[in-house]
>>> print(open('structure12.txt').read())   # compact mmCIF, N, CA and C atoms
# COMPACT_ATOMS: atom_id res chain seq x y z
N MET O 1 -23.28 72.29 -12.89
CA MET O 1 -22.81 70.96 -13.20
C MET O 1 -23.96 70.17 -13.81
N THR O 2 -23.68 69.45 -14.90
CA THR O 2 -24.74 68.66 -15.53
C THR O 2 -24.91 67.34 -14.80
N ARG O 3 -26.15 66.88 -14.81
CA ARG O 3 -26.47 65.59 -14.18
C ARG O 3 -25.93 64.46 -15.04
N PRO O 4 -25.29 63.44 -14.45
CA PRO O 4 -24.76 62.35 -15.26
C PRO O 4 -25.88 61.59 -15.94
N VAL O 5 -25.63 61.17 -17.18
CA VAL O 5 -26.61 60.41 -17.95
C VAL O 5 -26.74 59.01 -17.36
N LEU O 6 -25.64 58.44 -16.92
CA LEU O 6 -25.64 57.12 -16.30
C LEU O 6 -24.97 57.23 -14.94
N SER O 7 -25.53 56.56 -13.97
CA SER O 7 -24.85 56.49 -12.67
C SER O 7 -23.61 55.64 -12.84
N ASP O 8 -22.72 55.70 -11.88
CA ASP O 8 -21.50 54.89 -11.95
C ASP O 8 -21.83 53.41 -12.06
N ALA O 9 -22.84 52.96 -11.31
CA ALA O 9 -23.21 51.54 -11.34
C ALA O 9 -23.79 51.16 -12.70
N ASP O 10 -24.67 52.02 -13.25
CA ASP O 10 -25.24 51.73 -14.57
C ASP O 10 -24.16 51.70 -15.64
N ARG O 11 -23.24 52.64 -15.56
CA ARG O 11 -22.16 52.71 -16.54
C ARG O 11 -21.30 51.46 -16.46
N ALA O 12 -21.00 51.03 -15.25
CA ALA O 12 -20.20 49.82 -15.09
C ALA O 12 -20.93 48.62 -15.68
N ASP O 13 -22.25 48.54 -15.49
CA ASP O 13 -23.01 47.43 -16.05
C ASP O 13 -22.97 47.43 -17.57
N VAL O 14 -23.20 48.58 -18.18
CA VAL O 14 -23.20 48.67 -19.64
C VAL O 14 -21.84 48.25 -20.19
N PHE O 15 -20.78 48.75 -19.61
CA PHE O 15 -19.47 48.43 -20.14
C PHE O 15 -19.06 47.00 -19.81
N ARG O 16 -19.53 46.45 -18.69
CA ARG O 16 -19.30 45.03 -18.40
C ARG O 16 -20.00 44.18 -19.45
N GLY O 17 -21.21 44.58 -19.82
CA GLY O 17 -21.95 43.84 -20.83
C GLY O 17 -21.26 43.86 -22.18
N LEU O 18 -20.61 44.95 -22.51
CA LEU O 18 -19.96 45.08 -23.82
C LEU O 18 -18.49 44.68 -23.79
N ALA O 19 -17.99 44.26 -22.64
CA ALA O 19 -16.56 43.97 -22.51
C ALA O 19 -16.10 42.77 -23.32
N HIS O 20 -16.96 41.79 -23.50
CA HIS O 20 -16.55 40.57 -24.21
C HIS O 20 -16.87 40.70 -25.70
N PRO O 21 -15.92 40.33 -26.57
CA PRO O 21 -16.15 40.45 -28.02
C PRO O 21 -17.38 39.68 -28.52
N MET O 22 -17.67 38.53 -27.94
CA MET O 22 -18.84 37.77 -28.39
C MET O 22 -20.12 38.49 -28.02
N ARG O 23 -20.16 39.13 -26.86
CA ARG O 23 -21.36 39.89 -26.49
C ARG O 23 -21.53 41.08 -27.41
N ARG O 24 -20.44 41.71 -27.82
CA ARG O 24 -20.55 42.81 -28.78
C ARG O 24 -21.11 42.30 -30.11
N ARG O 25 -20.69 41.10 -30.54
CA ARG O 25 -21.24 40.51 -31.77
C ARG O 25 -22.74 40.26 -31.63
N VAL O 26 -23.15 39.74 -30.48
CA VAL O 26 -24.57 39.48 -30.24
C VAL O 26 -25.36 40.80 -30.30
N VAL O 27 -24.85 41.83 -29.66
CA VAL O 27 -25.53 43.13 -29.67
C VAL O 27 -25.64 43.66 -31.10
N LEU O 28 -24.58 43.54 -31.88
CA LEU O 28 -24.63 44.00 -33.27
C LEU O 28 -25.65 43.22 -34.08
N MET O 29 -25.73 41.91 -33.87
CA MET O 29 -26.72 41.10 -34.57
C MET O 29 -28.14 41.51 -34.17
N LEU O 30 -28.36 41.69 -32.87
CA LEU O 30 -29.69 42.02 -32.40
C LEU O 30 -30.07 43.46 -32.72
N ASP O 31 -29.10 44.29 -33.02
CA ASP O 31 -29.40 45.65 -33.45
C ASP O 31 -30.03 45.66 -34.84
N LYS O 32 -29.71 44.65 -35.63
CA LYS O 32 -30.26 44.56 -36.99
C LYS O 32 -31.64 43.93 -37.01
N CYS O 33 -31.88 42.95 -36.14
CA CYS O 33 -33.18 42.28 -36.10
C CYS O 33 -33.31 41.49 -34.80
N GLU O 34 -34.55 41.19 -34.46
CA GLU O 34 -34.80 40.32 -33.31
C GLU O 34 -34.43 38.90 -33.70
N CYS O 35 -33.92 38.12 -32.75
CA CYS O 35 -33.50 36.75 -33.02
C CYS O 35 -33.85 35.86 -31.83
N SER O 36 -34.12 34.61 -32.14
CA SER O 36 -34.27 33.63 -31.07
C SER O 36 -32.88 33.12 -30.70
N ALA O 37 -32.80 32.41 -29.59
CA ALA O 37 -31.52 31.82 -29.19
C ALA O 37 -31.04 30.86 -30.27
N GLY O 38 -31.95 30.11 -30.89
CA GLY O 38 -31.58 29.20 -31.96
C GLY O 38 -30.99 29.92 -33.16
N ASP O 39 -31.57 31.08 -33.51
CA ASP O 39 -31.03 31.89 -34.60
C ASP O 39 -29.61 32.36 -34.27
N LEU O 40 -29.42 32.79 -33.04
CA LEU O 40 -28.09 33.25 -32.62
C LEU O 40 -27.09 32.11 -32.64
N LEU O 41 -27.50 30.94 -32.16
CA LEU O 41 -26.60 29.78 -32.17
C LEU O 41 -26.18 29.41 -33.59
N ALA O 42 -27.12 29.49 -34.52
CA ALA O 42 -26.81 29.14 -35.91
C ALA O 42 -25.81 30.11 -36.53
N ALA O 43 -25.82 31.35 -36.08
CA ALA O 43 -24.96 32.37 -36.67
C ALA O 43 -23.62 32.53 -35.97
N LEU O 44 -23.52 32.06 -34.75
CA LEU O 44 -22.31 32.26 -33.95
C LEU O 44 -21.65 30.93 -33.63
N ASP O 45 -20.37 30.96 -33.43
CA ASP O 45 -19.62 29.76 -33.06
C ASP O 45 -19.60 29.62 -31.55
N LEU O 46 -20.75 29.20 -31.00
CA LEU O 46 -20.91 29.08 -29.55
C LEU O 46 -21.65 27.80 -29.22
N THR O 47 -21.43 27.32 -28.01
CA THR O 47 -22.23 26.21 -27.50
C THR O 47 -23.49 26.80 -26.87
N PRO O 48 -24.55 26.02 -26.73
CA PRO O 48 -25.74 26.56 -26.05
C PRO O 48 -25.45 27.11 -24.65
N PRO O 49 -24.66 26.43 -23.82
CA PRO O 49 -24.36 27.03 -22.50
C PRO O 49 -23.58 28.34 -22.62
N GLY O 50 -22.68 28.43 -23.59
CA GLY O 50 -21.90 29.66 -23.78
C GLY O 50 -22.80 30.82 -24.19
N LEU O 51 -23.71 30.55 -25.13
CA LEU O 51 -24.65 31.60 -25.55
C LEU O 51 -25.55 32.00 -24.38
N SER O 52 -26.02 31.03 -23.64
CA SER O 52 -26.89 31.32 -22.50
C SER O 52 -26.19 32.24 -21.50
N GLN O 53 -24.92 31.97 -21.25
CA GLN O 53 -24.15 32.80 -20.31
C GLN O 53 -24.04 34.25 -20.83
N HIS O 54 -23.72 34.39 -22.11
CA HIS O 54 -23.59 35.75 -22.68
C HIS O 54 -24.93 36.47 -22.67
N LEU O 55 -26.01 35.77 -23.02
CA LEU O 55 -27.32 36.41 -23.01
C LEU O 55 -27.73 36.81 -21.60
N ARG O 56 -27.38 36.01 -20.61
CA ARG O 56 -27.70 36.35 -19.22
C ARG O 56 -26.98 37.64 -18.82
N VAL O 57 -25.71 37.77 -19.18
CA VAL O 57 -24.97 39.00 -18.84
C VAL O 57 -25.61 40.19 -19.55
N LEU O 58 -25.95 40.02 -20.83
CA LEU O 58 -26.57 41.12 -21.57
C LEU O 58 -27.92 41.51 -20.99
N ARG O 59 -28.70 40.53 -20.55
CA ARG O 59 -29.99 40.84 -19.91
C ARG O 59 -29.76 41.52 -18.56
N ASP O 60 -28.84 40.97 -17.77
CA ASP O 60 -28.58 41.53 -16.43
C ASP O 60 -28.07 42.96 -16.50
N THR O 61 -27.37 43.31 -17.55
CA THR O 61 -26.83 44.66 -17.69
C THR O 61 -27.81 45.59 -18.40
N GLY O 62 -28.95 45.06 -18.82
CA GLY O 62 -29.97 45.89 -19.44
C GLY O 62 -29.77 46.15 -20.91
N LEU O 63 -28.77 45.53 -21.53
CA LEU O 63 -28.49 45.78 -22.94
C LEU O 63 -29.42 45.01 -23.88
N VAL O 64 -29.98 43.92 -23.39
CA VAL O 64 -30.83 43.07 -24.22
C VAL O 64 -32.11 42.76 -23.44
N ARG O 65 -33.19 42.71 -24.16
CA ARG O 65 -34.48 42.30 -23.60
C ARG O 65 -35.00 41.12 -24.40
N HIS O 66 -35.98 40.46 -23.84
CA HIS O 66 -36.57 39.34 -24.58
C HIS O 66 -38.07 39.25 -24.30
N ARG O 67 -38.74 38.55 -25.19
CA ARG O 67 -40.14 38.22 -24.99
C ARG O 67 -40.31 36.74 -25.29
N VAL O 68 -41.33 36.14 -24.72
CA VAL O 68 -41.56 34.71 -24.91
C VAL O 68 -42.64 34.53 -25.96
N GLU O 69 -42.34 33.66 -26.93
CA GLU O 69 -43.31 33.26 -27.95
C GLU O 69 -43.37 31.74 -27.92
N GLY O 70 -44.38 31.21 -27.29
CA GLY O 70 -44.46 29.75 -27.14
C GLY O 70 -43.31 29.27 -26.29
N ARG O 71 -42.47 28.42 -26.87
CA ARG O 71 -41.32 27.90 -26.14
C ARG O 71 -40.03 28.65 -26.46
N ARG O 72 -40.13 29.66 -27.30
CA ARG O 72 -38.94 30.41 -27.72
C ARG O 72 -38.87 31.76 -27.02
N ARG O 73 -37.65 32.20 -26.83
CA ARG O 73 -37.40 33.56 -26.35
C ARG O 73 -36.84 34.34 -27.53
N ILE O 74 -37.45 35.48 -27.78
CA ILE O 74 -37.01 36.33 -28.88
C ILE O 74 -36.28 37.52 -28.26
N TYR O 75 -35.03 37.69 -28.65
CA TYR O 75 -34.16 38.71 -28.06
C TYR O 75 -34.08 39.93 -28.96
N ARG O 76 -33.91 41.09 -28.32
CA ARG O 76 -33.73 42.35 -29.05
C ARG O 76 -32.84 43.27 -28.21
N VAL O 77 -32.22 44.21 -28.87
CA VAL O 77 -31.38 45.20 -28.18
C VAL O 77 -32.28 46.17 -27.43
N ASN O 78 -31.84 46.55 -26.27
CA ASN O 78 -32.49 47.62 -25.52
C ASN O 78 -31.80 48.92 -25.94
N ALA O 79 -32.36 49.55 -26.95
CA ALA O 79 -31.71 50.72 -27.55
C ALA O 79 -31.53 51.86 -26.55
N SER O 80 -32.42 51.99 -25.59
CA SER O 80 -32.29 53.10 -24.64
C SER O 80 -31.02 52.95 -23.80
N ALA O 81 -30.64 51.73 -23.44
CA ALA O 81 -29.40 51.53 -22.69
C ALA O 81 -28.19 51.93 -23.52
N LEU O 82 -28.21 51.58 -24.79
CA LEU O 82 -27.09 51.97 -25.66
C LEU O 82 -27.05 53.47 -25.88
N ARG O 83 -28.21 54.10 -26.00
CA ARG O 83 -28.24 55.56 -26.18
C ARG O 83 -27.71 56.27 -24.94
N ARG O 84 -28.05 55.76 -23.76
CA ARG O 84 -27.52 56.39 -22.53
C ARG O 84 -26.00 56.28 -22.48
N ALA O 85 -25.46 55.14 -22.86
CA ALA O 85 -24.01 54.96 -22.88
C ALA O 85 -23.38 55.89 -23.92
N GLN O 86 -24.05 56.03 -25.06
CA GLN O 86 -23.53 56.91 -26.11
C GLN O 86 -23.53 58.37 -25.63
N ARG O 87 -24.59 58.80 -24.96
CA ARG O 87 -24.63 60.17 -24.46
C ARG O 87 -23.53 60.41 -23.43
N TRP O 88 -23.29 59.41 -22.58
CA TRP O 88 -22.21 59.55 -21.59
C TRP O 88 -20.88 59.71 -22.32
N TYR O 89 -20.65 58.90 -23.33
CA TYR O 89 -19.39 58.97 -24.08
C TYR O 89 -19.24 60.33 -24.75
N GLN O 90 -20.31 60.86 -25.29
CA GLN O 90 -20.25 62.16 -25.96
C GLN O 90 -19.95 63.30 -24.99
N GLN O 91 -20.26 63.11 -23.71
CA GLN O 91 -19.93 64.12 -22.72
C GLN O 91 -18.44 64.25 -22.51
N LEU O 92 -17.69 63.23 -22.88
CA LEU O 92 -16.24 63.26 -22.70
C LEU O 92 -15.56 64.19 -23.69
N ALA O 93 -16.19 64.39 -24.83
CA ALA O 93 -15.57 65.20 -25.90
C ALA O 93 -15.61 66.67 -25.58
>>> encode(input="structure12.txt", output="structure tokens")
Amino acid sequence: MTRPVLSDADRADVFRGLAHPMRRRVVLMLDKCECSAGDLLAALDLTPPGLSQHLRVLRDTGLVRHRVEGRRRIYRVNASALRRAQRWYQQLA
């Protein structure tokens, strides 16, 4: 028997993070380039609290990481989390 790529809890987190269409849009944007919260707000039809909530879920599920530059947070996709989810999905085939 092969070892699972993601534990049940990790898999649930990844899919919870991707469950909302706006979070999927954020992940697609961050897959192309790193962005600040201000950059994301300018590109998406969201309020600052709404974006903050989505970014928190994405960070909590491990799909997005950030670094601090002065007063800004620069967000990027955590590609390893997406690759693990992709490998799990490929095991289904």
>>> residues_around(input="structure12.txt", residues="range 45-62 of chain O", least_positions_apart="6", cutoff="7 Å", atoms="only C-alpha atoms", output="ChimeraX atom specification")
/O:13-14,17,23,78,81
>>> atom_distance(input="structure12.txt", atom1="CA of Ala37 in chain O", atom2="CA of Gly70 in chain O")
13.3 Å
>>> atom_distance(input="structure12.txt", atom1="atom C of Met22 in chain O", atom2="atom C of Gln90 in chain O")
25.0 Å
>>> atom_distance(input="structure12.txt", atom1="CA of Val26 in chain O", atom2="CA of Leu40 in chain O")
7.5 Å
>>> select_by_dssp(input="structure12.txt", residues="chain O", states="helix (DSSP H, G or I)", output="ChimeraX atom specification")
/O:8-18,21-32,37-43,48-60,79-91
>>> decode(input="structure12.txt", residues="range 47-87 of chain O", atoms="N, CA and C atoms", output="CSV table (one decimal), in the first residue's frame")
chain,number,residue,atom,x,y,z
O,47,THR,N,-13.9,44.0,-0.2
O,47,THR,CA,-13.6,45.0,0.8
O,47,THR,C,-12.3,44.5,1.5
O,48,PRO,N,-11.6,45.4,2.2
O,48,PRO,CA,-10.5,45.0,2.9
O,48,PRO,C,-10.7,43.9,4.0
O,49,PRO,N,-11.8,44.0,4.7
O,49,PRO,CA,-12.1,42.9,5.7
O,49,PRO,C,-12.4,41.6,4.9
O,50,GLY,N,-13.0,41.6,3.8
O,50,GLY,CA,-13.3,40.4,3.0
O,50,GLY,C,-12.0,39.8,2.5
O,51,LEU,N,-11.1,40.6,2.0
O,51,LEU,CA,-9.8,40.1,1.5
O,51,LEU,C,-9.0,39.5,2.7
O,52,SER,N,-9.0,40.2,3.8
O,52,SER,CA,-8.3,39.8,5.0
O,52,SER,C,-8.8,38.4,5.4
O,53,GLN,N,-10.1,38.2,5.4
O,53,GLN,CA,-10.7,36.9,5.8
O,53,GLN,C,-10.2,35.8,4.8
O,54,HIS,N,-10.3,36.0,3.6
O,54,HIS,CA,-9.8,35.0,2.6
O,54,HIS,C,-8.3,34.7,2.7
O,55,LEU,N,-7.5,35.8,2.9
O,55,LEU,CA,-6.1,35.6,3.0
O,55,LEU,C,-5.8,34.8,4.3
O,56,ARG,N,-6.5,35.0,5.4
O,56,ARG,CA,-6.3,34.3,6.6
O,56,ARG,C,-6.6,32.8,6.4
O,57,VAL,N,-7.7,32.5,5.7
O,57,VAL,CA,-8.0,31.1,5.4
O,57,VAL,C,-6.9,30.4,4.6
O,58,LEU,N,-6.5,31.2,3.6
O,58,LEU,CA,-5.4,30.6,2.7
O,58,LEU,C,-4.1,30.4,3.5
O,59,ARG,N,-3.8,31.3,4.4
O,59,ARG,CA,-2.6,31.1,5.2
O,59,ARG,C,-2.8,30.0,6.1
O,60,ASP,N,-3.9,29.9,6.8
O,60,ASP,CA,-4.2,28.8,7.8
O,60,ASP,C,-4.1,27.5,7.1
O,61,THR,N,-4.5,27.4,5.9
O,61,THR,CA,-4.5,26.1,5.2
O,61,THR,C,-3.2,25.8,4.5
O,62,GLY,N,-2.3,26.7,4.6
O,62,GLY,CA,-0.9,26.5,4.0
O,62,GLY,C,-0.8,26.8,2.6
O,63,LEU,N,-1.9,27.3,1.9
O,63,LEU,CA,-1.8,27.5,0.5
O,63,LEU,C,-1.1,28.8,0.1
O,64,VAL,N,-1.0,29.7,1.0
O,64,VAL,CA,-0.4,31.0,0.8
O,64,VAL,C,0.6,31.3,1.9
O,65,ARG,N,1.7,31.9,1.6
O,65,ARG,CA,2.7,32.4,2.5
O,65,ARG,C,2.8,33.9,2.3
O,66,HIS,N,3.5,34.6,3.3
O,66,HIS,CA,3.7,36.0,3.1
O,66,HIS,C,5.0,36.4,3.8
O,67,ARG,N,5.6,37.5,3.4
O,67,ARG,CA,6.7,38.1,4.0
O,67,ARG,C,6.4,39.5,4.3
O,68,VAL,N,7.1,40.1,5.3
O,68,VAL,CA,6.8,41.5,5.6
O,68,VAL,C,7.9,42.4,5.0
O,69,GLU,N,7.5,43.4,4.3
O,69,GLU,CA,8.4,44.4,3.7
O,69,GLU,C,8.0,45.8,4.2
O,70,GLY,N,8.6,46.3,5.3
O,70,GLY,CA,8.2,47.5,5.9
O,70,GLY,C,6.8,47.3,6.5
O,71,ARG,N,5.8,48.1,6.0
O,71,ARG,CA,4.5,48.0,6.5
O,71,ARG,C,3.6,47.1,5.7
O,72,ARG,N,4.2,46.5,4.6
O,72,ARG,CA,3.4,45.7,3.7
O,72,ARG,C,3.6,44.2,3.9
O,73,ARG,N,2.6,43.5,3.6
O,73,ARG,CA,2.8,42.0,3.5
O,73,ARG,C,2.7,41.6,2.1
O,74,ILE,N,3.7,40.9,1.6
O,74,ILE,CA,3.8,40.4,0.3
O,74,ILE,C,3.4,38.9,0.3
O,75,TYR,N,2.3,38.6,-0.5
O,75,TYR,CA,1.8,37.2,-0.5
O,75,TYR,C,2.3,36.5,-1.7
O,76,ARG,N,2.4,35.2,-1.5
O,76,ARG,CA,2.8,34.3,-2.6
O,76,ARG,C,2.2,32.9,-2.4
O,77,VAL,N,2.0,32.2,-3.5
O,77,VAL,CA,1.5,30.8,-3.4
O,77,VAL,C,2.5,29.9,-2.7
O,78,ASN,N,2.0,29.0,-1.9
O,78,ASN,CA,2.9,27.9,-1.4
O,78,ASN,C,2.8,26.8,-2.4
O,79,ALA,N,3.7,26.7,-3.3
O,79,ALA,CA,3.5,25.7,-4.4
O,79,ALA,C,3.6,24.3,-3.9
O,80,SER,N,4.3,24.1,-2.8
O,80,SER,CA,4.4,22.7,-2.4
O,80,SER,C,3.1,22.2,-1.9
O,81,ALA,N,2.3,23.0,-1.3
O,81,ALA,CA,0.9,22.6,-0.8
O,81,ALA,C,0.1,22.2,-2.0
O,82,LEU,N,0.2,23.0,-3.1
O,82,LEU,CA,-0.6,22.7,-4.3
O,82,LEU,C,-0.1,21.4,-5.0
O,83,ARG,N,1.2,21.2,-5.0
O,83,ARG,CA,1.8,20.0,-5.6
O,83,ARG,C,1.3,18.8,-4.8
O,84,ARG,N,1.3,18.9,-3.5
O,84,ARG,CA,0.8,17.7,-2.7
O,84,ARG,C,-0.6,17.4,-3.0
O,85,ALA,N,-1.5,18.4,-3.2
O,85,ALA,CA,-2.9,18.2,-3.5
O,85,ALA,C,-3.0,17.6,-4.9
O,86,GLN,N,-2.1,18.1,-5.8
O,86,GLN,CA,-2.2,17.6,-7.2
O,86,GLN,C,-1.7,16.1,-7.2
O,87,ARG,N,-0.7,15.7,-6.5
O,87,ARG,CA,-0.3,14.3,-6.4
O,87,ARG,C,-1.4,13.4,-5.8
